[in-house]
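Peer 1: Have a look at this one before I ask anything.
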Amino acid sequence: MDTQSYCPVPPGVGMEENFLSLDDILLSHERLPVRTECVFPRLGFLEKSSDTQDIPEATKMELPLWLSKGLYERKRKVLSVELPKVYREGWRTVFTADPNVVDLHKMGPYYYGLGSQMLHFDSPENPDIAQALLQTFIGRFRRTMDSSQNAYNEDTSALVERLDSLEKVLFRSGQNGLNSFQSWEKGQASQLTASSLVLNYRKRKLADVQT
Amino acid sequence: MTSLSTPRCFWLVRFAARETAMDPSEVEFLAEKQLVKIIPNFSLDKIYLIGGDLGPFNPGLPVEVPVWLALNLKQRQKCRIIPPDWMDVEKLEEMRELERKEDAFTPVPSPHYMELTKLLLNHASDNIPKADEIRTLVKDIWDTRIAKLRLSADSFISQQEAHAQLDNLTLMEINTVREFLLDSLNCMYKLRSNLQPGSRKGQLTDY
């Protein structure tokens, strides 16, 4: 029986982040292109390209998602967030044409997560972005499913390579189902095996002896 | 634990959901409750168990017992197992053809056909004629059905259906795709709720 000793907290995926998810913490470090709408006094050291003490109005720079989300306000304009290029119209057309050819790992690797987070910033394109995310997921679903359910006992790194981090989680759960079924069918499930904890314990003891 | 923030609650729920995923050997355990006919070679009065009464056993007289008992008796060479009616090469061949022809899932002879085939063939293959052929046929049927299941899962997702009928699907079949399908549907649900602007009310008030 395949008991999992470690169940990572899954990412929140939607607009709400999952507080305890490591994936969502990494996602909050993604850089976003922003444009300042007012002067940021004495913060010139953040902007490496100029030597001024303040960040002047209308500077284009990159800020991490967590900071942009904190500074962004609908009423009082502090900064405006521009869309990263994978969410712009040009790329959206590519995604709708054939989502399977795109390397989401290179584009992302948090394509769905960051896309959903972009909806926090008021933009007229928001409904289109949400639609594109959903359609991309649906379009790629078949391939994720087939590859995760068919790759038994082989190197999966080539299959996983182009998947978004969200799809990787799905791929792994598909593999879980396949592997446990296969081991049952081959009769391995009924054999008792030593817990990995016990095995590791022995290993550690051996290492202690050697030192 | 008075003030659980929402993400923590969510995490707890998720954790509980993980626990309910079933292992194939648990499905097999359930299948062992199915009845099978045996011919005992010993005599014994009725025995009374919490789960039900068994017997009486008379040498040469066929009785119906659950699979777990049949296998136990068989291993101790106290009985001969009579394979179920459907475990027959001709009938299975017919079923395989029908399964390949139809688009929908065809009715299976037993809700645990896969598990029973494996159990009976592994432990009592000397009582079942043409055991190897039966094994191949059942595996063929299984493969066809799994391919269909995947096809329907894909159309379920791509047409964004809200519900699906699982007619004639067996527990083992559902169990192999359960984790993947549920996780995918969860993701899709969240991506879909992005589309409704109403779902984000009060989102930005914290900042």
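Letters A, B, ... mark the chains of the structure tokens in the order given; residue numbers begin at 1 per chain; ligand numbers begin at 1, in order shown.
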Please build the interface table for chain A against chain B with a cut-off of 9 Å, listing for each qualifying residue the nearest atom pair and the distance in Å to one decimal; count only C-alpha atoms, order rows by chain and increasing number, and write it as a tab-separated table.
Peer 2:
residue	atom	partner	partner_atom	distance
A:Met1	CA	B:Asp23	CA	6.8
A:Asp2	CA	B:Asp23	CA	7.9
A:Cys7	CA	B:Phe15	CA	7.8
A:Val9	CA	B:Trp11	CA	6.7
A:Pro10	CA	B:Trp11	CA	8.1
A:Gly12	CA	B:Lys190	CA	8.5
A:Val13	CA	B:Lys190	CA	6.6
A:Gly14	CA	B:Lys190	CA	5.1
A:Met15	CA	B:Asn194	CA	6.9
A:Glu16	CA	B:Gln203	CA	8.2
A:Glu17	CA	B:Pro7	CA	8.1
A:Asn18	CA	B:Pro7	CA	5.5
A:Phe19	CA	B:Pro7	CA	5.6
A:Leu20	CA	B:Pro7	CA	7.1
A:Lys69	CA	B:Tyr207	CA	8.1
A:Gly70	CA	B:Tyr207	CA	5.8
A:Leu71	CA	B:Tyr207	CA	7.7
A:Tyr72	CA	B:Tyr207	CA	8.2
A:Glu73	CA	B:Tyr207	CA	7.8
A:Arg74	CA	B:Leu204	CA	8.8
A:Tyr112	CA	B:Leu191	CA	8.0
A:Ser116	CA	B:Asn194	CA	6.9
A:Leu119	CA	B:Asn194	CA	7.9
A:His120	CA	B:Leu204	CA	7.5
A:Asn126	CA	B:Leu195	CA	8.6
A:Pro127	CA	B:Leu195	CA	6.2
A:Asp128	CA	B:Leu195	CA	8.8
A:Ile129	CA	B:Leu195	CA	8.9
A:Ala130	CA	B:Leu195	CA	5.6
A:Gln131	CA	B:Leu195	CA	6.7
A:Leu133	CA	B:Leu191	CA	7.0
A:Leu134	CA	B:Leu191	CA	5.7
A:Gln135	CA	B:Ser158	CA	8.4
A:Phe137	CA	B:Met188	CA	7.5
A:Ile138	CA	B:Ser158	CA	5.5
A:Gly139	CA	B:Ser158	CA	7.2
A:Phe141	CA	B:Asp154	CA	7.1
A:Arg142	CA	B:Asp154	CA	5.8
A:Met145	CA	B:Phe180	CA	7.9
A:Asp146	CA	B:Arg150	CA	7.8
A:Gln149	CA	B:Val177	CA	8.5
A:Leu166	CA	B:Cys187	CA	8.4
A:Glu167	CA	B:Ser184	CA	8.6
A:Val169	CA	B:Asp183	CA	8.7
A:Leu170	CA	B:Phe180	CA	6.0
A:Phe171	CA	B:Phe180	CA	7.6
A:Arg172	CA	B:Phe180	CA	8.3
A:Ser173	CA	B:Phe180	CA	5.3
A:Gly174	CA	B:Phe180	CA	4.8
A:Gln175	CA	B:Phe180	CA	8.4
A:Asn176	CA	B:Glu179	CA	8.1
A:Gly177	CA	B:Thr176	CA	5.0
A:Leu178	CA	B:Thr176	CA	6.4
A:Ser180	CA	B:Pro24	CA	6.7
A:Phe181	CA	B:Pro24	CA	5.9
A:Ser183	CA	B:Pro24	CA	8.9
A:Trp184	CA	B:Pro24	CA	6.2
A:Glu185	CA	B:Lys118	CA	7.7
A:Ala189	CA	B:Ser25	CA	6.7
A:Ser190	CA	B:Ser25	CA	7.5
Peer 1: Based on DSSP run over this structure's backbone, return all residues of range 12-120 of chain B in strand (DSSP E), as a PyMOL selection string.
Peer 2: chain B and resi 35-40+47-49+52-54+63-66+79-82
Peer 1: Name the residues of range 1-77 of chain A that come out as alpha helix (DSSP H) in a backbone DSSP run; write them as a list in words.
Peer 2: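 Of range 1-77 of chain A, the ones in alpha helix (DSSP H) are Leu22, Asp23, Asp24, Ile25, Leu26, Leu27, Leu65, Trp66, Leu67, Ser68, Lys69, Gly70 and Leu71 of chain A.
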Peer 1: If we count only C-alpha atoms and set the cut-off at 7 Å, which residues sit around Gly60 in chain B, ignoring sequence neighbours fewer than 6 positions away in its own chain? Please answer as an mmCIF file with all heavy atoms, in the first residue's frame.
Peer 2:
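Once everything was written out, this is part.cif:
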data_model
loop_
_atom_site.group_PDB
_atom_site.id
_atom_site.type_symbol
_atom_site.label_atom_id
_atom_site.label_comp_id
_atom_site.auth_asym_id
_atom_site.auth_seq_id
_atom_site.Cartn_x
_atom_site.Cartn_y
_atom_site.Cartn_z
ATOM 1 N N ILE B 39 -17.695 -26.899 -4.027
ATOM 2 C CA ILE B 39 -18.072 -28.259 -3.660
ATOM 3 C C ILE B 39 -17.103 -28.713 -2.565
ATOM 4 O O ILE B 39 -15.930 -28.965 -2.831
ATOM 5 C CB ILE B 39 -17.990 -29.203 -4.873
ATOM 6 C CG1 ILE B 39 -18.935 -28.716 -5.960
ATOM 7 C CG2 ILE B 39 -18.321 -30.624 -4.458
ATOM 8 C CD1 ILE B 39 -18.863 -29.511 -7.230
ATOM 9 N N PRO B 40 -17.569 -28.773 -1.329
ATOM 10 C CA PRO B 40 -16.665 -29.150 -0.239
ATOM 11 C C PRO B 40 -16.400 -30.654 -0.232
ATOM 12 O O PRO B 40 -17.191 -31.428 -0.778
ATOM 13 C CB PRO B 40 -17.423 -28.721 1.019
ATOM 14 C CG PRO B 40 -18.854 -28.679 0.618
ATOM 15 C CD PRO B 40 -18.922 -28.447 -0.857
ATOM 16 N N ASN B 41 -15.291 -31.077 0.362
ATOM 17 C CA ASN B 41 -15.052 -32.511 0.519
ATOM 18 C C ASN B 41 -15.019 -32.900 1.992
ATOM 19 O O ASN B 41 -14.364 -33.848 2.382
ATOM 20 C CB ASN B 41 -13.762 -32.932 -0.196
ATOM 21 C CG ASN B 41 -12.576 -32.140 0.298
ATOM 22 O OD1 ASN B 41 -12.658 -31.462 1.326
ATOM 23 N ND2 ASN B 41 -11.460 -32.227 -0.417
#
Peer 1: Using only C-alpha atoms, pick whichever of B:Leu35, B:Leu44, B:Ile128, B:Ala164 has the shortest atom-to-atom distance to Pro59 in chain B.
Peer 2: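 For Pro59 in chain B, the nearest of the candidates is B:Leu44.
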